[in-house]
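K.L.:
Have a look at the structure that comes next, please.
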Amino acid sequence: MQSAMKEQSSNHAFSPDEFARYSRHIIIPEFGLDGQQKLKNARVLVIGSGGLGSPVLLYLAAAGVGHIGIVDFDRVDDSNLQRQVLFSTSDIGKSKARQARERVLSLNPHIEVTVHETRLDSNNAREIIRQYDVVADGTDNFPTRYLVNDACVLEGKTNVYASIFQFEGQVSVFNALLPDGGRGPNYRDLFPEPPPPGLVPSCSEGGVLGVLPGIIGSMQALEVIKVITGVGDPLVGRIFLFDAAAFQTRILRVSKRPETVVTGLIDYQLFCGLDQFREAEVPEIDVQAFESLRTSGEPFQLIDVREPHEYDIAHLEGELIPVGIIGEHLDRIARDRKVIVHCRSGVRSAKAIRLLQELGFQGELINLKGGILAYAREINNALPVY
Amino acid sequence: MATFLIPTPLRKFAGNQSSVTVSAERMDQAIHTLVAQHPDLGRHLLDPERNIRSFVRIYVGDTDFRELQGEQTPLADHSVVSIIPAIAGGCECNLP
């Protein structure tokens, strides 16, 4: 009896400071001390400390999740600060994972935070995920989405999923442990395969309203807490959709598909068609050579395949033909001289050149390596970058 | 008549509309009419064999139409058909 009491007492081992900190949780009847203890005992891995990861990390730390892991290999960029509220202007250039750790520990010193400053891949994903109870996936690309999903399925971990694009958000709880001991639907039950590169616009092409990851990431944190504590009814077998522009919400059912079987991790770049996408190299010119060409007097055409609003921020006096409509404007592209194609970083312009080549365009198409960003960095520092 | 809700990533292929009303009694007719009205949207919804692509889900109400009666799923005047695309944003949104 005495040892049972001892165990009971150590199960609720909160210091007076912690009692004070978590009192608004503890007095919720369905939550109580048991719910708070479950949070303290929990180990949650947050993958990505960006737009979604910021609110997830802040709320999980504030809530008292005892051990949080952060996976991020990136550094803080000034373009992150519009939505990644973990970071401050003084953090620019610093490691995201380390700054995130510092920030959440300053919010709650009663928790432990482990930094995984690495790119998650097929070699390390299972080993990292294995160390945690629940995963919160806030990554930004399809290969990592499928990698995280598959690793969670193989390791038997619940994957609290959230994703955003422009004004749209999605939240669900994948691979959750069901009362019958089975597992709920996972990401592959919803989308068995990713879209091919370039077909569905990515966040990187379309942007995102800064407050949206704040809303959706907060819901992701909510679902993590519900999964850990057993309080409420998590989004298992359901997906929550939010259209911020229309302020419409919907919840749709997600069922398991018998054909969805994960047997091991694969090459996710290949699975998402990105290797093939990369292999199709296009002729390139660097910004130094481009500047020499500009000043040489040799005739050439410069085409800017960005969007008009980007052109308004900064341009190189190129002819604006956005990549989405370039196939309909072949008549505007010169065939009697070099054509230099550029965008912000060189990715969309390479895509535009490949598209023109597929359409049978006969002419000399050259990609400006590094795009207007490289030009601003190496040739003209007065150009605004974004 | 049924109302298709068009998600943000696909709106530019549907005349920038957030919803499109289609006159049809069944799902196959509705998709056929929608795609005829917006061929670019069709390219994103259907593969060359005219099957729904595996990275798009189409729901009638809160259920995937394939779990109802598939292409034969009847549509009423008040039916709401949601197109759900795979989106992957979350961490970084650097422009290419």
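For the structure tokens, the naming scheme is as follows: chains receive sequential letters (A, B, ...) according to their order of presentation, residues are indexed from 1 within each chain, and ligands are indexed from 1 in presentation order.
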Only residues of chain A matter here; which ones have an atom within 8 Å of chain B, counting only C-alpha atoms? Give them as a PyMOL selection string.
P.N.:
chain A and resi 48-53+79-80+138-142+145+162-168+190-195+199-208+213+251-254+343-348
K.L.:
Could you dump the residues just selected with C-alpha atoms as a JSON list (two decimals), in the first residue's frame?
P.N.:
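Output file again-v9.json is given in full below:
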```json
[["chain", "number", "residue", "atom", "x", "y", "z"],
["A", 48, "GLY", "CA", 9.50, 21.87, -38.85],
["A", 49, "SER", "CA", 9.73, 24.97, -36.67],
["A", 50, "GLY", "CA", 8.27, 27.31, -39.29],
["A", 51, "GLY", "CA", 4.78, 28.65, -39.83],
["A", 52, "LEU", "CA", 2.94, 25.70, -38.30],
["A", 53, "GLY", "CA", 5.73, 24.66, -35.96],
["A", 79, "SER", "CA", 10.98, 36.38, -45.08],
["A", 80, "ASN", "CA", 10.03, 33.92, -42.29],
["A", 138, "GLY", "CA", 4.44, 20.84, -40.05],
["A", 139, "THR", "CA", 6.71, 20.31, -43.04],
["A", 140, "ASP", "CA", 6.45, 22.04, -46.37],
["A", 141, "ASN", "CA", 6.84, 19.45, -49.09],
["A", 142, "PHE", "CA", 5.32, 16.23, -50.32],
["A", 145, "ARG", "CA", 4.91, 14.46, -45.77],
["A", 162, "ALA", "CA", -1.63, 20.08, -40.63],
["A", 163, "SER", "CA", -1.04, 21.76, -43.96],
["A", 164, "ILE", "CA", -1.65, 25.20, -45.40],
["A", 165, "PHE", "CA", -1.74, 26.98, -48.73],
["A", 166, "GLN", "CA", -2.64, 30.63, -49.29],
["A", 167, "PHE", "CA", -6.01, 30.85, -47.44],
["A", 168, "GLU", "CA", -6.60, 27.13, -47.04],
["A", 190, "LEU", "CA", -6.38, 10.26, -47.95],
["A", 191, "PHE", "CA", -3.92, 10.80, -50.79],
["A", 192, "PRO", "CA", -2.30, 7.55, -51.98],
["A", 193, "GLU", "CA", 0.13, 9.41, -54.22],
["A", 194, "PRO", "CA", 1.51, 12.95, -54.39],
["A", 195, "PRO", "CA", 0.82, 15.27, -57.29],
["A", 199, "LEU", "CA", 0.97, 20.27, -61.44],
["A", 200, "VAL", "CA", -0.54, 21.48, -58.19],
["A", 201, "PRO", "CA", 0.74, 24.90, -57.19],
["A", 202, "SER", "CA", 2.92, 24.74, -54.12],
["A", 203, "CYS", "CA", 3.01, 27.07, -51.15],
["A", 204, "SER", "CA", 6.26, 28.36, -52.58],
["A", 205, "GLU", "CA", 4.52, 29.52, -55.73],
["A", 206, "GLY", "CA", 1.35, 30.75, -54.11],
["A", 207, "GLY", "CA", 2.39, 32.06, -50.73],
["A", 208, "VAL", "CA", 0.40, 31.91, -47.53],
["A", 213, "PRO", "CA", -0.45, 28.92, -39.91],
["A", 251, "ILE", "CA", -15.16, 18.29, -41.58],
["A", 252, "LEU", "CA", -15.01, 15.36, -44.00],
["A", 253, "ARG", "CA", -14.66, 11.66, -43.32],
["A", 254, "VAL", "CA", -11.45, 9.79, -44.08],
["A", 343, "CYS", "CA", 12.35, 34.32, -62.06],
["A", 344, "ARG", "CA", 13.07, 34.89, -58.39],
["A", 345, "SER", "CA", 15.55, 32.08, -57.72],
["A", 346, "GLY", "CA", 15.88, 30.23, -61.03],
["A", 347, "VAL", "CA", 13.47, 27.37, -60.30],
["A", 348, "ARG", "CA", 10.36, 28.63, -62.08]]
```
K.L.:
Please provide as a ChimeraX atom specification all residues within 10 Å of Gly64 in chain A, with the sequence filter that same-chain residues fewer than 6 positions apart are discarded (counting only C-alpha atoms).
P.N.:
/A:18,21-22,25,36-42,108-112,225
K.L.:
Residues as selected, N, CA and C atoms, written as an mmCIF file, in the first residue's frame, can you do that?
P.N.:
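Saved file again_19.cif follows:
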```cif
data_model
loop_
_atom_site.group_PDB
_atom_site.id
_atom_site.type_symbol
_atom_site.label_atom_id
_atom_site.label_comp_id
_atom_site.auth_asym_id
_atom_site.auth_seq_id
_atom_site.Cartn_x
_atom_site.Cartn_y
_atom_site.Cartn_z
ATOM 1 N N GLU A 18 4.987 24.723 -10.793
ATOM 2 C CA GLU A 18 4.236 24.063 -11.879
ATOM 3 C C GLU A 18 2.738 24.054 -11.574
ATOM 4 N N ARG A 21 1.541 27.368 -12.502
ATOM 5 C CA ARG A 21 1.596 27.570 -13.952
ATOM 6 C C ARG A 21 0.451 26.865 -14.675
ATOM 7 N N TYR A 22 0.160 25.628 -14.234
ATOM 8 C CA TYR A 22 -0.813 24.807 -14.967
ATOM 9 C C TYR A 22 -2.198 24.822 -14.311
ATOM 10 N N HIS A 25 -5.385 24.555 -16.353
ATOM 11 C CA HIS A 25 -5.652 23.226 -16.910
ATOM 12 C C HIS A 25 -6.239 22.329 -15.832
ATOM 13 N N GLN A 36 -2.773 16.792 -16.886
ATOM 14 C CA GLN A 36 -1.523 17.543 -16.836
ATOM 15 C C GLN A 36 -0.329 16.615 -16.688
ATOM 16 N N GLN A 37 -0.522 15.539 -15.900
ATOM 17 C CA GLN A 37 0.575 14.577 -15.735
ATOM 18 C C GLN A 37 0.873 13.861 -17.049
ATOM 19 N N LYS A 38 -0.191 13.560 -17.811
ATOM 20 C CA LYS A 38 0.027 12.910 -19.115
ATOM 21 C C LYS A 38 0.826 13.826 -20.032
ATOM 22 N N LEU A 39 0.539 15.126 -19.977
ATOM 23 C CA LEU A 39 1.323 16.064 -20.793
ATOM 24 C C LEU A 39 2.778 16.056 -20.341
ATOM 25 N N LYS A 40 2.969 16.071 -19.032
ATOM 26 C CA LYS A 40 4.343 16.109 -18.509
ATOM 27 C C LYS A 40 5.121 14.847 -18.893
ATOM 28 N N ASN A 41 4.427 13.728 -18.944
ATOM 29 C CA ASN A 41 5.095 12.463 -19.282
ATOM 30 C C ASN A 41 5.322 12.306 -20.782
ATOM 31 N N ALA A 42 4.668 13.154 -21.586
ATOM 32 C CA ALA A 42 4.659 12.927 -23.035
ATOM 33 C C ALA A 42 5.922 13.424 -23.722
ATOM 34 N N ASN A 108 8.845 28.165 -20.874
ATOM 35 C CA ASN A 108 8.589 27.163 -19.840
ATOM 36 C C ASN A 108 9.865 26.397 -19.495
ATOM 37 N N PRO A 109 10.516 26.773 -18.409
ATOM 38 C CA PRO A 109 11.774 26.101 -18.039
ATOM 39 C C PRO A 109 11.556 24.723 -17.418
ATOM 40 N N HIS A 110 10.301 24.321 -17.227
ATOM 41 C CA HIS A 110 10.026 23.028 -16.589
ATOM 42 C C HIS A 110 10.001 21.880 -17.586
ATOM 43 N N ILE A 111 10.278 22.161 -18.852
ATOM 44 C CA ILE A 111 10.231 21.098 -19.864
ATOM 45 C C ILE A 111 11.632 20.848 -20.418
ATOM 46 N N GLU A 112 11.756 19.741 -21.160
ATOM 47 C CA GLU A 112 13.028 19.449 -21.842
ATOM 48 C C GLU A 112 12.809 19.566 -23.343
ATOM 49 N N ILE A 225 -2.594 17.731 -27.911
ATOM 50 C CA ILE A 225 -2.953 17.684 -26.483
ATOM 51 C C ILE A 225 -4.109 16.706 -26.248
#
```
K.L.:
Excluding same-chain residues fewer than 3 positions from Val22 in chain B, what lies within 8 Å of it counting only C-alpha atoms, as a list in words?
P.N.:
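Within the cut-off, the hits are Met1, Ala2, Thr3, Phe4, Ala30, Thr33 and Leu34 of chain B.
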K.L.:
From a backbone DSSP assignment, name each residue in range 4-96 of chain B labelled alpha helix (DSSP H), as a PDB file with C-alpha atoms, in the first residue's frame.
P.N.:
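Ended up saving to part02.pdb:
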```
ATOM      1  CA  MET B  27     -21.675  12.592 -60.246  1.00  0.00           C
ATOM      2  CA  ASP B  28     -20.417  11.434 -63.648  1.00  0.00           C
ATOM      3  CA  GLN B  29     -22.598  14.028 -65.384  1.00  0.00           C
ATOM      4  CA  ALA B  30     -21.541  16.711 -62.917  1.00  0.00           C
ATOM      5  CA  ILE B  31     -17.812  16.073 -63.400  1.00  0.00           C
ATOM      6  CA  HIS B  32     -18.244  15.898 -67.173  1.00  0.00           C
ATOM      7  CA  THR B  33     -20.062  19.249 -67.194  1.00  0.00           C
ATOM      8  CA  LEU B  34     -17.594  20.879 -64.801  1.00  0.00           C
ATOM      9  CA  VAL B  35     -14.624  19.773 -66.891  1.00  0.00           C
ATOM     10  CA  ALA B  36     -16.314  20.867 -70.112  1.00  0.00           C
ATOM     11  CA  GLN B  37     -16.825  24.326 -68.608  1.00  0.00           C
ATOM     12  CA  PRO B  39     -10.885  22.329 -69.235  1.00  0.00           C
ATOM     13  CA  ASP B  40      -7.813  23.465 -67.263  1.00  0.00           C
ATOM     14  CA  LEU B  41      -9.487  22.311 -64.061  1.00  0.00           C
ATOM     15  CA  GLY B  42     -10.126  18.982 -65.759  1.00  0.00           C
ATOM     16  CA  ARG B  43      -6.406  18.511 -66.294  1.00  0.00           C
ATOM     17  CA  HIS B  44      -5.887  18.726 -62.532  1.00  0.00           C
ATOM     18  CA  LEU B  45      -8.851  16.544 -61.573  1.00  0.00           C
TER      19      LEU B  45
END
```
K.L.:
Counting only C-alpha atoms, which residue out of B:Ser79, B:Ser19, B:Asn51, B:Gln72 sits closest to Ile6 in chain B?
P.N.:
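That would be B:Ser19, the residue with the smallest distance to Ile6 in chain B.
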K.L.:
Here is a test: counting only C-alpha atoms, which residue of B:Ile83, B:Ile52, B:His78, B:Glu71 is nearest to Arg26 in chain B?
P.N.:
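Looking at the shortest contact to Arg26 in chain B, the residue is B:Glu71.
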K.L.:
From a DSSP pass on the backbone, collect the residues of range 7-43 of chain B flagged as strand (DSSP E) and hand them back as a PDB file with C-alpha atoms, in the first residue's frame.
P.N.:
```
ATOM      1  CA  SER B  19     -17.755  27.692 -56.302  1.00  0.00           C
ATOM      2  CA  VAL B  20     -19.265  26.501 -59.556  1.00  0.00           C
ATOM      3  CA  THR B  21     -22.865  25.429 -59.966  1.00  0.00           C
ATOM      4  CA  VAL B  22     -23.452  22.531 -62.311  1.00  0.00           C
TER       5      VAL B  22
END
```
K.L.:
Which one is closest to Ile285 in chain A: A:Lys369, A:Lys226, A:Lys96, A:Arg377? Count only C-alpha atoms.
P.N.:
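Among A:Lys369, A:Lys226, A:Lys96, A:Arg377, it is A:Lys369 that comes nearest to Ile285 in chain A.
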K.L.:
Give me, please, the distance in Å between CA of Ile92 in chain A and CA of Asp77 in chain A, quoted to one decimal.
P.N.:
5.3 Å
K.L.:
If you measure from CA of Val115 in chain A to CA of Ile68 in chain A, what distance in Å do you get, rounded to one decimal?
P.N.:
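Calculated distance between CA of Val115 in chain A and CA of Ile68 in chain A is 8.6 Å.
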K.L.:
Find the spatial neighbours of Val323 in chain A, counting only C-alpha atoms, within a cut-off of 10 Å - ignore same-chain residues fewer than 6 positions away - and output them as a short mmCIF file (atom, residue, chain, number, x, y, z; two decimals) with N, CA and C atoms, in the first residue's frame.
P.N.:
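Writing done, so here's around_12.cif:
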```
data_model
loop_
_atom_site.label_atom_id
_atom_site.label_comp_id
_atom_site.auth_asym_id
_atom_site.auth_seq_id
_atom_site.Cartn_x
_atom_site.Cartn_y
_atom_site.Cartn_z
N ASP A 304 10.79 37.54 -68.01
CA ASP A 304 10.58 37.39 -66.58
C ASP A 304 9.30 36.57 -66.39
N VAL A 305 9.44 35.36 -65.81
CA VAL A 305 8.27 34.47 -65.71
C VAL A 305 7.59 34.53 -64.34
N ARG A 306 7.88 35.57 -63.57
CA ARG A 306 7.23 35.70 -62.27
C ARG A 306 5.82 36.28 -62.44
N GLU A 307 5.17 36.53 -61.32
CA GLU A 307 3.83 37.10 -61.34
C GLU A 307 3.93 38.63 -61.33
N CYS A 343 13.43 34.18 -63.05
CA CYS A 343 12.35 34.32 -62.06
C CYS A 343 13.00 34.83 -60.77
N ARG A 348 11.50 28.50 -61.17
CA ARG A 348 10.36 28.63 -62.08
C ARG A 348 10.81 28.87 -63.52
N SER A 349 11.91 29.61 -63.70
CA SER A 349 12.37 29.88 -65.07
C SER A 349 12.88 28.59 -65.72
N ALA A 350 13.51 27.70 -64.92
CA ALA A 350 13.93 26.40 -65.47
C ALA A 350 12.70 25.60 -65.87
N LYS A 351 11.68 25.67 -65.04
CA LYS A 351 10.42 24.97 -65.33
C LYS A 351 9.80 25.52 -66.63
N ALA A 352 9.85 26.84 -66.79
CA ALA A 352 9.29 27.47 -68.00
C ALA A 352 10.05 27.02 -69.24
N ILE A 353 11.38 26.92 -69.13
CA ILE A 353 12.19 26.49 -70.28
C ILE A 353 11.86 25.04 -70.65
N LEU A 355 9.10 23.51 -70.12
CA LEU A 355 7.76 23.52 -70.72
C LEU A 355 7.83 23.96 -72.18
N LEU A 356 8.59 25.02 -72.45
CA LEU A 356 8.71 25.52 -73.82
C LEU A 356 9.38 24.46 -74.71
#
```
K.L.:
By how many Å are CA of Thr295 in chain A and CA of Ile333 in chain A apart?
P.N.:
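These atoms are spaced 21.3 Å apart.
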K.L.:
Any idea what's packed within 12 Å of Phe290 in chain A, counting only C-alpha atoms, ignoring anything in its chain fewer than 3 positions away? Could you give it as a PDB file with N, CA and C atoms, in the first residue's frame?
P.N.:
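The resulting file, selection_9.pdb, is shown below:
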```
ATOM      1  N   GLU A 284      22.220  27.259 -68.657  1.00  0.00           N
ATOM      2  CA  GLU A 284      22.193  28.317 -67.643  1.00  0.00           C
ATOM      3  C   GLU A 284      23.228  29.398 -67.946  1.00  0.00           C
ATOM      4  N   ILE A 285      22.972  30.580 -67.411  1.00  0.00           N
ATOM      5  CA  ILE A 285      23.968  31.649 -67.432  1.00  0.00           C
ATOM      6  C   ILE A 285      24.012  32.233 -66.017  1.00  0.00           C
ATOM      7  N   ASP A 286      25.210  32.492 -65.497  1.00  0.00           N
ATOM      8  CA  ASP A 286      25.238  33.074 -64.155  1.00  0.00           C
ATOM      9  C   ASP A 286      25.098  34.602 -64.263  1.00  0.00           C
ATOM     10  N   VAL A 287      24.880  35.249 -63.142  1.00  0.00           N
ATOM     11  CA  VAL A 287      24.540  36.677 -63.191  1.00  0.00           C
ATOM     12  C   VAL A 287      25.722  37.533 -63.660  1.00  0.00           C
ATOM     13  N   LEU A 293      26.785  40.235 -70.747  1.00  0.00           N
ATOM     14  CA  LEU A 293      25.950  40.197 -71.959  1.00  0.00           C
ATOM     15  C   LEU A 293      25.142  41.491 -72.090  1.00  0.00           C
ATOM     16  N   ARG A 294      24.603  41.936 -70.970  1.00  0.00           N
ATOM     17  CA  ARG A 294      23.799  43.162 -70.978  1.00  0.00           C
ATOM     18  C   ARG A 294      24.595  44.360 -71.483  1.00  0.00           C
ATOM     19  N   THR A 295      25.836  44.413 -71.041  1.00  0.00           N
ATOM     20  CA  THR A 295      26.643  45.592 -71.379  1.00  0.00           C
ATOM     21  C   THR A 295      27.390  45.428 -72.712  1.00  0.00           C
ATOM     22  N   SER A 296      27.350  44.216 -73.293  1.00  0.00           N
ATOM     23  CA  SER A 296      28.112  43.963 -74.517  1.00  0.00           C
ATOM     24  C   SER A 296      27.441  44.519 -75.769  1.00  0.00           C
ATOM     25  N   GLY A 297      26.172  44.755 -75.689  1.00  0.00           N
ATOM     26  CA  GLY A 297      25.450  45.224 -76.872  1.00  0.00           C
ATOM     27  C   GLY A 297      24.924  44.089 -77.733  1.00  0.00           C
ATOM     28  N   GLU A 298      25.275  42.850 -77.381  1.00  0.00           N
ATOM     29  CA  GLU A 298      24.759  41.713 -78.140  1.00  0.00           C
ATOM     30  C   GLU A 298      23.241  41.622 -77.930  1.00  0.00           C
ATOM     31  N   PHE A 300      19.659  40.320 -77.242  1.00  0.00           N
ATOM     32  CA  PHE A 300      19.028  39.171 -76.579  1.00  0.00           C
ATOM     33  C   PHE A 300      17.676  39.624 -76.048  1.00  0.00           C
ATOM     34  N   GLN A 301      16.852  38.648 -75.723  1.00  0.00           N
ATOM     35  CA  GLN A 301      15.559  38.967 -75.107  1.00  0.00           C
ATOM     36  C   GLN A 301      15.579  38.473 -73.664  1.00  0.00           C
ATOM     37  N   LEU A 302      15.075  39.289 -72.746  1.00  0.00           N
ATOM     38  CA  LEU A 302      14.985  38.885 -71.342  1.00  0.00           C
ATOM     39  C   LEU A 302      13.508  38.678 -70.996  1.00  0.00           C
ATOM     40  N   LEU A 316      14.127  43.407 -63.744  1.00  0.00           N
ATOM     41  CA  LEU A 316      15.341  43.663 -64.518  1.00  0.00           C
ATOM     42  C   LEU A 316      14.982  44.165 -65.917  1.00  0.00           C
ATOM     43  N   LYS A 338      19.365  35.106 -78.557  1.00  0.00           N
ATOM     44  CA  LYS A 338      19.324  34.422 -77.266  1.00  0.00           C
ATOM     45  C   LYS A 338      18.117  34.908 -76.452  1.00  0.00           C
ATOM     46  N   VAL A 339      17.535  33.977 -75.704  1.00  0.00           N
ATOM     47  CA  VAL A 339      16.451  34.354 -74.796  1.00  0.00           C
ATOM     48  C   VAL A 339      16.866  33.952 -73.381  1.00  0.00           C
ATOM     49  N   ILE A 340      17.054  34.944 -72.535  1.00  0.00           N
ATOM     50  CA  ILE A 340      17.378  34.680 -71.128  1.00  0.00           C
ATOM     51  C   ILE A 340      16.063  34.683 -70.349  1.00  0.00           C
ATOM     52  N   VAL A 341      15.824  33.617 -69.600  1.00  0.00           N
ATOM     53  CA  VAL A 341      14.578  33.507 -68.833  1.00  0.00           C
ATOM     54  C   VAL A 341      14.932  33.578 -67.348  1.00  0.00           C
ATOM     55  N   HIS A 342      14.190  34.409 -66.607  1.00  0.00           N
ATOM     56  CA  HIS A 342      14.499  34.476 -65.173  1.00  0.00           C
ATOM     57  C   HIS A 342      13.243  34.534 -64.326  1.00  0.00           C
ATOM     58  N   ILE A 366      17.874  30.220 -72.278  1.00  0.00           N
ATOM     59  CA  ILE A 366      18.919  30.112 -71.246  1.00  0.00           C
ATOM     60  C   ILE A 366      18.345  30.593 -69.913  1.00  0.00           C
ATOM     61  N   ASN A 367      18.575  29.804 -68.880  1.00  0.00           N
ATOM     62  CA  ASN A 367      18.063  30.145 -67.553  1.00  0.00           C
ATOM     63  C   ASN A 367      19.051  31.034 -66.804  1.00  0.00           C
ATOM     64  N   LEU A 368      18.543  32.096 -66.169  1.00  0.00           N
ATOM     65  CA  LEU A 368      19.402  32.945 -65.342  1.00  0.00           C
ATOM     66  C   LEU A 368      19.568  32.256 -63.982  1.00  0.00           C
ATOM     67  N   LYS A 369      20.749  31.744 -63.744  1.00  0.00           N
ATOM     68  CA  LYS A 369      21.027  30.961 -62.529  1.00  0.00           C
ATOM     69  C   LYS A 369      20.880  31.834 -61.284  1.00  0.00           C
ATOM     70  N   GLY A 370      20.058  31.368 -60.359  1.00  0.00           N
ATOM     71  CA  GLY A 370      19.875  32.113 -59.114  1.00  0.00           C
ATOM     72  C   GLY A 370      18.863  33.245 -59.197  1.00  0.00           C
ATOM     73  N   GLY A 371      18.393  33.514 -60.439  1.00  0.00           N
ATOM     74  CA  GLY A 371      17.332  34.500 -60.635  1.00  0.00           C
ATOM     75  C   GLY A 371      17.677  35.905 -60.160  1.00  0.00           C
ATOM     76  N   ILE A 372      16.620  36.664 -59.917  1.00  0.00           N
ATOM     77  CA  ILE A 372      16.803  38.070 -59.542  1.00  0.00           C
ATOM     78  C   ILE A 372      17.439  38.179 -58.148  1.00  0.00           C
ATOM     79  N   ALA A 374      19.971  36.331 -57.059  1.00  0.00           N
ATOM     80  CA  ALA A 374      21.423  36.306 -57.273  1.00  0.00           C
ATOM     81  C   ALA A 374      21.881  37.628 -57.873  1.00  0.00           C
ATOM     82  N   TYR A 375      21.077  38.192 -58.760  1.00  0.00           N
ATOM     83  CA  TYR A 375      21.427  39.468 -59.386  1.00  0.00           C
ATOM     84  C   TYR A 375      21.507  40.580 -58.323  1.00  0.00           C
ATOM     85  N   GLU A 378      24.706  39.856 -56.141  1.00  0.00           N
ATOM     86  CA  GLU A 378      26.056  39.957 -56.719  1.00  0.00           C
ATOM     87  C   GLU A 378      26.271  41.179 -57.598  1.00  0.00           C
ATOM     88  N   ILE A 379      25.190  41.724 -58.162  1.00  0.00           N
ATOM     89  CA  ILE A 379      25.364  42.812 -59.122  1.00  0.00           C
ATOM     90  C   ILE A 379      24.791  44.137 -58.615  1.00  0.00           C
TER      91      ILE A 379
END
```
